[in-house]
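Written out below as structure tokens is the structure these notes cover.
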Amino acid sequence: MASDQPIRLGMLGFGTVGQAVARALQRRAHEIATRTGRAIVLHRVAVREPAKPRPVALDGLHVHRSPLEVVEQPDVDLLIEVMGGEEPAASAIRRALELGKPVVTANKVVMARRGPELLGMARRRGVPLLFEAAVGGAVPIIRPVQESLASDRILALLGIVNGTTNFILTEMTDAGAAFEAALQEAQRRGYAEADPSADVSGLDAACKLSVLASLAFDRWVPLDRLDVRGLEGITARDVQYAGELGLAVKLLAFSRLRDDAIEAWVGPALLPRRHPLAQVRGVNNAIWLVTEAAGELMFYGPGAGGDPTAAAVLGDVMDAVRRHAARLPTDSRNGSWPVAGVEWEPARMVEPGGALARFYLRLQVLDRPGVLAATADIFGRHGVSIESVIQKGRGEDPVDLVFVTHEAPLAAVERVAAQVRELPVVAWTGPLVRVVGGA
Ligand SMILES: NC(=O)c1ccc[n+]([C@@H]2O[C@H](COP(=O)([O-])OP(=O)(O)OC[C@H]3O[C@@H](n4cnc5c(N)ncnc54)[C@H](OP(=O)(O)O)[C@@H]3O)[C@@H](O)[C@H]2O)c1
């Protein structure tokens, strides 16, 4: 990159985020050039269907079908990857790093599944690989964890990192909507994909948790070691009972350090309504950190959307350009995981069954004398103590019976739920939902 020449970008993908990047590069060209000391221009793009009509036209750009072809061009100085998915994105990023080209990606799937390999390559080659937009969209969280809090020790993190499910739960809470109706509303507004399974199942949040927890705890927290549950089975009634208990339902990504092992899960959880995360509404995201020195911190804002995400992508581009210009070597704070020169070991994980929490469990039982005692007896036999019970719908059959337990290992509460389900008086049991106090 000669210093009087503009930086020429190759961009893989020209969809929601890619088009917003192109728009922002034009609109804010002056600020971007002033703040980096270099003009930055979009030069080549890869898309699947070049002829497709788009709100932002591809005019003036070299358009390719092959991502690798863009990477290989000698006139591409820096690569932006906003295609999504594991492949061909990971291979293209790898090749760019091999060629010594800085890479900026918004792709949580690539960072969760291939992060160790790609960041290792970036570190060895001394080339930045930056991914602020991959977690929390526009919400700055990667850089604060890696840089601002570098001297601190993160003890726990709780995140609302999936805007679609947060929108659904907000609709269920505010309007008393059923899950399906809330999902349809999210799709109508463009917040949910036609196939919403990655959001609803918790997989999208799990990818983000894997990346964030790895950075927070300085060791690799593999995606396939997370306990991942989705919103399936959560009903408007659960949202209503949670409200009666002074709690709000959220899809949480949770991780904490316990005796030098990592406990990490994604799932529906009940939070006290006064907790700042409980106030996060609609498609917004928020990440709550508990640290040794700084205490409690919350990072909040739009977790998705073209323009917000493009702002995070371009912030990374500008950072990479500044670093490259200064010829700084890439080190652990340069987008790599976590300690310079040290290869990354998988974390010792708390087995999911050993994870401790309070739990909410809703049953539908036949309204007969002795049902409460028979169910409570099963809890007792497994050493799970009950904090509160709500019995609803007297006169109806079946009636709702809601238990909230004291803190107990997941495995014990799962055994309770399995045995309770076998009782002849129990017509139905809902999913186990954790109750999270503070951190
Ligand atoms: N949208 C958001 O709010 C948001 C927020 C944070 C992070 N992200 C991440 O940003 C990335 C992009 O998201 P998006 O919403 O912009 O996706 P999108 O609208 O679906 O756009 C994807 C783009 O990539 C192109 N593409 C996909 N596979 C390709 C392939 N094999 N070869 C060439 N081009 C290919 C598509 O080409 P065609 O246009 O021809 O189909 C399209 O232009 C994803 O990793 C996503 O997770 C998105």
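In the structure tokens, chains take letters A, B, ... by order of appearance, with residues numbered from 1 within each chain and ligands from 1 in the order shown.
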
Give one line per residue of chain A that approaches ligand 1 to at most 8 Å, naming the two atoms of the closest pair and their distance in Å to one decimal, counting only C-alpha atoms and all ligand atoms; sort by chain then ascending residue number and deliver it as JSON lines.
```
{"residue": "A:Leu12", "atom": "CA", "partner": "ligand 1", "partner_atom_place_in_ligand_line": "34 (N)", "distance": 6.0}
{"residue": "A:Gly13", "atom": "CA", "partner": "ligand 1", "partner_atom_place_in_ligand_line": "24 (O)", "distance": 3.3}
{"residue": "A:Phe14", "atom": "CA", "partner": "ligand 1", "partner_atom_place_in_ligand_line": "43 (O)", "distance": 3.5}
{"residue": "A:Gly15", "atom": "CA", "partner": "ligand 1", "partner_atom_place_in_ligand_line": "21 (O)", "distance": 3.3}
{"residue": "A:Thr16", "atom": "CA", "partner": "ligand 1", "partner_atom_place_in_ligand_line": "16 (O)", "distance": 3.7}
{"residue": "A:Val17", "atom": "CA", "partner": "ligand 1", "partner_atom_place_in_ligand_line": "16 (O)", "distance": 3.7}
{"residue": "A:Gly18", "atom": "CA", "partner": "ligand 1", "partner_atom_place_in_ligand_line": "16 (O)", "distance": 5.6}
{"residue": "A:Gln19", "atom": "CA", "partner": "ligand 1", "partner_atom_place_in_ligand_line": "16 (O)", "distance": 7.6}
{"residue": "A:Ala46", "atom": "CA", "partner": "ligand 1", "partner_atom_place_in_ligand_line": "33 (C)", "distance": 5.0}
{"residue": "A:Val47", "atom": "CA", "partner": "ligand 1", "partner_atom_place_in_ligand_line": "34 (N)", "distance": 3.3}
{"residue": "A:Arg48", "atom": "CA", "partner": "ligand 1", "partner_atom_place_in_ligand_line": "40 (O)", "distance": 3.6}
{"residue": "A:Glu49", "atom": "CA", "partner": "ligand 1", "partner_atom_place_in_ligand_line": "40 (O)", "distance": 3.6}
{"residue": "A:Pro50", "atom": "CA", "partner": "ligand 1", "partner_atom_place_in_ligand_line": "40 (O)", "distance": 5.7}
{"residue": "A:Ala51", "atom": "CA", "partner": "ligand 1", "partner_atom_place_in_ligand_line": "40 (O)", "distance": 7.8}
{"residue": "A:Lys52", "atom": "CA", "partner": "ligand 1", "partner_atom_place_in_ligand_line": "40 (O)", "distance": 6.4}
{"residue": "A:Arg54", "atom": "CA", "partner": "ligand 1", "partner_atom_place_in_ligand_line": "39 (O)", "distance": 7.9}
{"residue": "A:His64", "atom": "CA", "partner": "ligand 1", "partner_atom_place_in_ligand_line": "33 (C)", "distance": 7.7}
{"residue": "A:Arg65", "atom": "CA", "partner": "ligand 1", "partner_atom_place_in_ligand_line": "33 (C)", "distance": 5.4}
{"residue": "A:Ser66", "atom": "CA", "partner": "ligand 1", "partner_atom_place_in_ligand_line": "32 (N)", "distance": 5.8}
{"residue": "A:Pro67", "atom": "CA", "partner": "ligand 1", "partner_atom_place_in_ligand_line": "33 (C)", "distance": 5.6}
{"residue": "A:Glu81", "atom": "CA", "partner": "ligand 1", "partner_atom_place_in_ligand_line": "11 (C)", "distance": 7.3}
{"residue": "A:Val82", "atom": "CA", "partner": "ligand 1", "partner_atom_place_in_ligand_line": "11 (C)", "distance": 4.0}
{"residue": "A:Met83", "atom": "CA", "partner": "ligand 1", "partner_atom_place_in_ligand_line": "24 (O)", "distance": 3.5}
{"residue": "A:Gly84", "atom": "CA", "partner": "ligand 1", "partner_atom_place_in_ligand_line": "45 (O)", "distance": 3.2}
{"residue": "A:Gly85", "atom": "CA", "partner": "ligand 1", "partner_atom_place_in_ligand_line": "45 (O)", "distance": 6.2}
{"residue": "A:Glu87", "atom": "CA", "partner": "ligand 1", "partner_atom_place_in_ligand_line": "31 (N)", "distance": 7.4}
{"residue": "A:Pro88", "atom": "CA", "partner": "ligand 1", "partner_atom_place_in_ligand_line": "31 (N)", "distance": 5.9}
{"residue": "A:Ala89", "atom": "CA", "partner": "ligand 1", "partner_atom_place_in_ligand_line": "31 (N)", "distance": 7.7}
{"residue": "A:Thr105", "atom": "CA", "partner": "ligand 1", "partner_atom_place_in_ligand_line": "45 (O)", "distance": 7.4}
{"residue": "A:Ala106", "atom": "CA", "partner": "ligand 1", "partner_atom_place_in_ligand_line": "10 (O)", "distance": 4.6}
{"residue": "A:Asn107", "atom": "CA", "partner": "ligand 1", "partner_atom_place_in_ligand_line": "45 (O)", "distance": 3.5}
{"residue": "A:Lys108", "atom": "CA", "partner": "ligand 1", "partner_atom_place_in_ligand_line": "47 (O)", "distance": 6.0}
{"residue": "A:Val109", "atom": "CA", "partner": "ligand 1", "partner_atom_place_in_ligand_line": "45 (O)", "distance": 6.9}
{"residue": "A:Val110", "atom": "CA", "partner": "ligand 1", "partner_atom_place_in_ligand_line": "45 (O)", "distance": 7.9}
{"residue": "A:Ala133", "atom": "CA", "partner": "ligand 1", "partner_atom_place_in_ligand_line": "6 (C)", "distance": 5.5}
{"residue": "A:Ala134", "atom": "CA", "partner": "ligand 1", "partner_atom_place_in_ligand_line": "7 (C)", "distance": 5.2}
{"residue": "A:Val135", "atom": "CA", "partner": "ligand 1", "partner_atom_place_in_ligand_line": "6 (C)", "distance": 7.0}
{"residue": "A:Gly136", "atom": "CA", "partner": "ligand 1", "partner_atom_place_in_ligand_line": "6 (C)", "distance": 6.9}
{"residue": "A:Gly137", "atom": "CA", "partner": "ligand 1", "partner_atom_place_in_ligand_line": "6 (C)", "distance": 4.4}
{"residue": "A:Ala138", "atom": "CA", "partner": "ligand 1", "partner_atom_place_in_ligand_line": "6 (C)", "distance": 7.7}
{"residue": "A:Gly303", "atom": "CA", "partner": "ligand 1", "partner_atom_place_in_ligand_line": "5 (C)", "distance": 6.6}
{"residue": "A:Ala304", "atom": "CA", "partner": "ligand 1", "partner_atom_place_in_ligand_line": "3 (O)", "distance": 3.5}
{"residue": "A:Gly305", "atom": "CA", "partner": "ligand 1", "partner_atom_place_in_ligand_line": "3 (O)", "distance": 3.5}
{"residue": "A:Gly306", "atom": "CA", "partner": "ligand 1", "partner_atom_place_in_ligand_line": "3 (O)", "distance": 5.2}
{"residue": "A:Pro308", "atom": "CA", "partner": "ligand 1", "partner_atom_place_in_ligand_line": "3 (O)", "distance": 7.8}
{"residue": "A:Thr309", "atom": "CA", "partner": "ligand 1", "partner_atom_place_in_ligand_line": "5 (C)", "distance": 5.3}
```

Keeping only C-alpha atoms, write the selected residues as a short mmCIF file (atom, residue, chain, number, x, y, z; two decimals), in the first residue's frame.
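Everything below was put into again_5.cif:
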```
data_model
loop_
_atom_site.label_atom_id
_atom_site.label_comp_id
_atom_site.auth_asym_id
_atom_site.auth_seq_id
_atom_site.Cartn_x
_atom_site.Cartn_y
_atom_site.Cartn_z
CA LEU A 12 -17.10 -10.52 -0.48
CA GLY A 13 -20.86 -10.06 -0.38
CA PHE A 14 -23.03 -7.13 -1.41
CA GLY A 15 -26.19 -7.80 0.55
CA THR A 16 -27.61 -5.90 3.55
CA VAL A 17 -24.24 -5.19 5.16
CA GLY A 18 -22.16 -4.97 1.97
CA GLN A 19 -24.43 -2.36 0.41
CA ALA A 46 -17.98 -10.90 -5.12
CA VAL A 47 -21.66 -11.81 -5.27
CA ARG A 48 -23.55 -14.94 -6.15
CA GLU A 49 -25.78 -13.31 -8.77
CA PRO A 50 -24.22 -10.23 -10.37
CA ALA A 51 -27.33 -9.46 -12.44
CA LYS A 52 -29.69 -9.31 -9.44
CA ARG A 54 -30.05 -4.18 -5.75
CA HIS A 64 -16.81 -11.38 -9.57
CA ARG A 65 -18.67 -14.57 -8.85
CA SER A 66 -15.71 -16.20 -7.17
CA PRO A 67 -14.66 -14.90 -3.74
CA GLU A 81 -15.94 -10.52 4.22
CA VAL A 82 -19.70 -9.94 4.53
CA MET A 83 -20.99 -13.07 2.79
CA GLY A 84 -21.86 -15.17 5.81
CA GLY A 85 -21.58 -18.93 6.34
CA GLU A 87 -17.43 -21.76 3.42
CA PRO A 88 -16.24 -20.31 1.11
CA ALA A 89 -15.76 -17.47 3.62
CA THR A 105 -15.27 -9.85 8.81
CA ALA A 106 -18.79 -9.60 10.27
CA ASN A 107 -19.17 -13.37 10.21
CA LYS A 108 -19.81 -15.03 13.61
CA VAL A 109 -20.11 -18.49 12.06
CA VAL A 110 -16.58 -18.31 10.66
CA ALA A 133 -19.28 -6.64 13.79
CA ALA A 134 -19.47 -10.41 14.33
CA VAL A 135 -20.84 -9.99 17.88
CA GLY A 136 -23.44 -7.37 18.79
CA GLY A 137 -23.58 -5.66 15.37
CA ALA A 138 -22.85 -2.00 16.05
CA GLY A 303 -27.33 -5.58 17.32
CA ALA A 304 -28.08 -5.75 13.60
CA GLY A 305 -29.13 -3.74 10.57
CA GLY A 306 -27.11 -2.70 7.54
CA PRO A 308 -25.11 0.01 12.22
CA THR A 309 -23.20 -3.13 11.21
#
```

Open item on the list: as an NGL selection string, please: every residue in region 24-113 of chain A that a backbone DSSP assignment puts in strand (DSSP E).
Closed with: :A and (40-46 or 62-64 or 78-81 or 103-105)

Export, as a CSV table (one decimal), in the first residue's frame, the selected residues with C-alpha atoms.
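Printed below is result_7.csv as written:
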```csv
chain,number,residue,atom,x,y,z
A,40,ILE,CA,-10.4,4.1,1.2
A,41,VAL,CA,-12.3,3.0,-1.9
A,42,LEU,CA,-14.3,0.0,-2.8
A,43,HIS,CA,-12.7,-1.7,-5.8
A,44,ARG,CA,-13.9,-5.3,-6.3
A,45,VAL,CA,-16.8,-7.3,-5.0
A,46,ALA,CA,-18.0,-10.9,-5.1
A,62,HIS,CA,-15.3,-5.0,-10.7
A,63,VAL,CA,-17.8,-7.7,-10.0
A,64,HIS,CA,-16.8,-11.4,-9.6
A,78,LEU,CA,-7.7,-5.3,2.2
A,79,LEU,CA,-10.5,-7.8,2.3
A,80,ILE,CA,-14.0,-7.3,3.8
A,81,GLU,CA,-15.9,-10.5,4.2
A,103,VAL,CA,-9.2,-8.9,6.8
A,104,VAL,CA,-12.3,-7.5,8.4
A,105,THR,CA,-15.3,-9.8,8.8
```

Open item on the list: List as a list in words the protein and nucleic acid residues near Thr164 (chain A), meaning an atom at most 10 Å away when only C-alpha atoms are counted, but skip any in the same chain fewer than 6 places from it.
Closed with: Thr170, Ala182, Leu183, Ala186, Gln187, Gly190, Tyr191, Ala192, Glu193, Pro196, Asp199, Val200, Gly282, Val283, Asn284, Asn285, Gly303 and Ala304 of chain A

Go ahead and save the picked residues with C-alpha atoms, as a compact mmCIF listing (two decimals), in the first residue's frame.
```txt
# COMPACT_ATOMS: atom_id res chain seq x y z
CA THR A 170 -40.69 -8.29 23.79
CA ALA A 182 -44.61 -12.72 17.47
CA LEU A 183 -42.35 -14.63 15.06
CA ALA A 186 -40.63 -10.25 13.31
CA GLN A 187 -40.62 -11.72 9.78
CA GLY A 190 -37.64 -7.97 8.25
CA TYR A 191 -36.07 -8.85 11.65
CA ALA A 192 -36.34 -12.61 11.15
CA GLU A 193 -35.24 -14.73 8.20
CA PRO A 196 -35.63 -18.44 11.59
CA ASP A 199 -32.11 -17.58 15.81
CA VAL A 200 -34.90 -19.49 17.56
CA GLY A 282 -37.00 -5.16 20.61
CA VAL A 283 -34.08 -5.99 18.32
CA ASN A 284 -31.49 -4.34 20.55
CA ASN A 285 -28.51 -6.26 21.95
CA GLY A 303 -27.33 -5.58 17.32
CA ALA A 304 -28.08 -5.75 13.60
```

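Closest approach to Val425 (chain A) among A:Arg368, A:Arg38, A:Arg273, A:Lys392: A:Arg368, based on only C-alpha atoms.
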
TODO: Extract the full set of alpha helix (DSSP H) residues from region 237-421 of chain A according to DSSP on the backbone, and format it as a PyMOL selection string.
DONE: chain A and resi 237-244+306-326+371-381+410-421

TODO: Can you work out which one of A:Pro302, A:Gly380, A:Gly395, A:Gly159 has the shortest atom-to-atom distance to Val290 (chain A), counting only C-alpha atoms?
DONE: A:Gly159

TODO: Would you list the contacts of Asp224 (chain A) as a ChimeraX atom specification, taking every protein, DNA or RNA residue within 10 Å and counting only C-alpha atoms, but skipping same-chain residues closer than 4 positions in sequence?
DONE: /A:112-113,206-207,210,228

Pull N, CA and C atoms from the residues just selected and write them as a CSV table (one decimal), in the first residue's frame.
```
chain,number,residue,atom,x,y,z
A,112,ALA,N,-16.6,-18.4,15.1
A,112,ALA,CA,-16.9,-19.4,16.1
A,112,ALA,C,-16.4,-20.8,15.6
A,113,ARG,N,-16.5,-21.1,14.3
A,113,ARG,CA,-16.1,-22.5,13.9
A,113,ARG,C,-14.6,-22.5,13.5
A,206,ALA,N,-25.2,-18.8,20.2
A,206,ALA,CA,-24.1,-19.6,20.7
A,206,ALA,C,-22.8,-19.3,19.9
A,207,CYS,N,-22.9,-19.0,18.6
A,207,CYS,CA,-21.7,-18.6,17.9
A,207,CYS,C,-21.1,-17.4,18.5
A,210,SER,N,-19.5,-18.2,21.9
A,210,SER,CA,-18.2,-18.9,21.8
A,210,SER,C,-17.0,-17.9,21.5
A,228,VAL,N,-26.7,-25.5,24.6
A,228,VAL,CA,-27.5,-24.5,23.8
A,228,VAL,C,-29.0,-24.9,23.8
```

TODO: Please measure the separation of CA of Ala122 (chain A) and CA of Ala205 (chain A), giving the value in Å to one decimal.
DONE: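 That distance, rounded to one decimal, is 24.9 Å.
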
TODO: Would you kindly return, as a ChimeraX atom specification, each protein, DNA or RNA residue with an atom no farther than 8 Å from any atom of region 246-256 of chain A, considering only C-alpha atoms and excluding same-chain residues fewer than 3 positions away?
DONE: /A:155-162,165-166,169,202,205-206,209,213,230-231,239,242-243,262-273,278

Any chance you can output those residues with N, CA and C atoms as a CSV table (one decimal), in the first residue's frame?
```
chain,number,residue,atom,x,y,z
A,155,LEU,N,-15.1,-11.9,35.0
A,155,LEU,CA,-15.5,-13.0,35.8
A,155,LEU,C,-16.8,-13.6,35.3
A,156,ALA,N,-17.6,-12.8,34.6
A,156,ALA,CA,-18.8,-13.3,34.1
A,156,ALA,C,-19.3,-12.5,32.9
A,157,LEU,N,-20.0,-13.1,32.0
A,157,LEU,CA,-20.6,-12.2,31.0
A,157,LEU,C,-22.0,-12.8,30.7
A,158,LEU,N,-23.0,-11.9,30.5
A,158,LEU,CA,-24.4,-12.2,30.2
A,158,LEU,C,-24.7,-11.4,29.0
A,159,GLY,N,-25.3,-12.0,28.0
A,159,GLY,CA,-25.6,-11.2,26.8
A,159,GLY,C,-26.9,-11.5,26.2
A,160,ILE,N,-27.6,-10.4,25.7
A,160,ILE,CA,-28.7,-10.6,24.8
A,160,ILE,C,-28.1,-10.3,23.4
A,161,VAL,N,-27.8,-11.3,22.7
A,161,VAL,CA,-27.0,-11.1,21.5
A,161,VAL,C,-27.7,-11.6,20.2
A,162,ASN,N,-29.0,-11.8,20.4
A,162,ASN,CA,-29.8,-12.2,19.2
A,162,ASN,C,-31.1,-11.3,19.2
A,165,THR,N,-34.8,-13.0,18.5
A,165,THR,CA,-35.5,-13.6,19.6
A,165,THR,C,-35.9,-12.5,20.7
A,166,ASN,N,-35.1,-11.5,20.8
A,166,ASN,CA,-35.4,-10.5,21.8
A,166,ASN,C,-36.7,-9.7,21.4
A,169,LEU,N,-39.7,-12.0,22.2
A,169,LEU,CA,-40.0,-12.0,23.6
A,169,LEU,C,-40.6,-10.7,24.0
A,202,GLY,N,-31.2,-20.9,19.2
A,202,GLY,CA,-30.1,-20.4,20.1
A,202,GLY,C,-28.7,-20.5,19.4
A,205,ALA,N,-26.9,-17.1,18.7
A,205,ALA,CA,-26.3,-16.6,20.0
A,205,ALA,C,-25.1,-17.4,20.5
A,206,ALA,N,-25.2,-18.8,20.2
A,206,ALA,CA,-24.1,-19.6,20.7
A,206,ALA,C,-22.8,-19.3,19.9
A,209,LEU,N,-21.5,-16.3,21.6
A,209,LEU,CA,-21.0,-16.6,22.9
A,209,LEU,C,-19.6,-17.3,22.8
A,213,ALA,N,-16.8,-15.4,24.8
A,213,ALA,CA,-16.2,-16.0,26.0
A,213,ALA,C,-14.8,-16.4,25.8
A,230,GLY,N,-33.1,-23.3,22.9
A,230,GLY,CA,-33.7,-22.2,22.2
A,230,GLY,C,-35.0,-21.8,22.9
A,231,LEU,N,-35.8,-21.1,22.1
A,231,LEU,CA,-37.1,-20.6,22.7
A,231,LEU,C,-38.2,-21.6,22.6
A,239,VAL,N,-44.4,-16.3,30.0
A,239,VAL,CA,-44.0,-14.9,30.1
A,239,VAL,C,-44.9,-14.2,31.1
A,242,ALA,N,-43.8,-15.3,34.6
A,242,ALA,CA,-42.6,-14.7,35.0
A,242,ALA,C,-42.9,-13.3,35.5
A,243,GLY,N,-43.8,-12.6,34.8
A,243,GLY,CA,-44.1,-11.2,35.2
A,243,GLY,C,-44.7,-11.2,36.6
A,262,ILE,N,-14.8,-23.1,32.7
A,262,ILE,CA,-15.7,-22.2,32.1
A,262,ILE,C,-17.1,-22.9,32.1
A,263,GLU,N,-18.1,-22.1,32.6
A,263,GLU,CA,-19.5,-22.5,32.5
A,263,GLU,C,-20.1,-21.7,31.4
A,264,ALA,N,-20.7,-22.3,30.4
A,264,ALA,CA,-21.2,-21.5,29.3
A,264,ALA,C,-22.5,-22.1,28.7
A,265,TRP,N,-23.5,-21.3,28.6
A,265,TRP,CA,-24.8,-21.8,28.0
A,265,TRP,C,-25.5,-20.7,27.3
A,266,VAL,N,-26.4,-21.1,26.4
A,266,VAL,CA,-27.4,-20.2,25.8
A,266,VAL,C,-28.7,-20.8,26.1
A,267,GLY,N,-29.7,-20.0,26.5
A,267,GLY,CA,-31.0,-20.5,26.7
A,267,GLY,C,-32.0,-19.5,27.2
A,268,PRO,N,-33.3,-19.9,27.2
A,268,PRO,CA,-34.2,-18.9,27.8
A,268,PRO,C,-33.9,-18.8,29.3
A,269,ALA,N,-34.0,-17.6,29.8
A,269,ALA,CA,-33.7,-17.4,31.2
A,269,ALA,C,-34.6,-16.3,31.8
A,270,LEU,N,-34.9,-16.3,33.1
A,270,LEU,CA,-35.7,-15.3,33.8
A,270,LEU,C,-34.8,-14.4,34.5
A,271,LEU,N,-34.9,-13.1,34.3
A,271,LEU,CA,-34.1,-12.1,35.0
A,271,LEU,C,-35.0,-11.2,35.8
A,272,PRO,N,-34.5,-10.7,36.9
A,272,PRO,CA,-35.3,-9.8,37.7
A,272,PRO,C,-35.6,-8.6,36.8
A,273,ARG,N,-36.9,-8.1,36.9
A,273,ARG,CA,-37.3,-7.0,35.9
A,273,ARG,C,-36.4,-5.7,36.1
A,278,ALA,N,-32.9,-6.8,31.6
A,278,ALA,CA,-34.4,-7.1,31.4
A,278,ALA,C,-35.0,-5.9,30.7
```

TODO: Name the closest residue to Ile32 (chain A) among the candidates A:Leu212, A:Met318, A:Ile141, A:Leu372; distances are taken between atoms, counting only C-alpha atoms.
DONE: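 When distances to Ile32 (chain A) are compared using only C-alpha atoms, the smallest one comes from A:Met318.
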
Open item on the list: Here is a test: counting only C-alpha atoms, which residue of A:Glu292, A:Thr375, A:Ala417, A:Gly370 is nearest to Ser151 (chain A)?
Closed with: A:Glu292

Open item on the list: Let me make sure I understand: among A:Val365, A:Ala261, A:Ala216, A:Leu97, which one has the smallest atom-to-atom distance to Val420 (chain A) if we use only C-alpha atoms?
Closed with: A:Val365

Task: All residues 12 Å or closer to Val321 (chain A), only C-alpha atoms, same chain fewer than 5 positions away omitted, as JSON, numbers by chain - done: {"A": [1, 2, 3, 6, 7, 8, 9, 32, 33, 35, 36, 37, 38, 39, 40, 77, 78, 79, 101, 102, 103, 104, 127, 128, 129, 130, 314, 315, 316, 326, 327, 328]}

Open item on the list: What does the structure give for the distance between CA of Ala427 (chain A) and CA of Ser388 (chain A), in Å to one decimal?
Closed with: 20.8 Å

Task: Atomic separation - CA of Asp397 (chain A) relative to CA of Val426 (chain A), Å - done: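 These atoms are spaced 10.9 Å apart.
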
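With only C-alpha atoms as the atoms that count, the minimum distance from Gly301 (chain A) to the choices A:Gln73, A:Ile154, A:Leu203, A:Gly163 is reached by A:Gly163.
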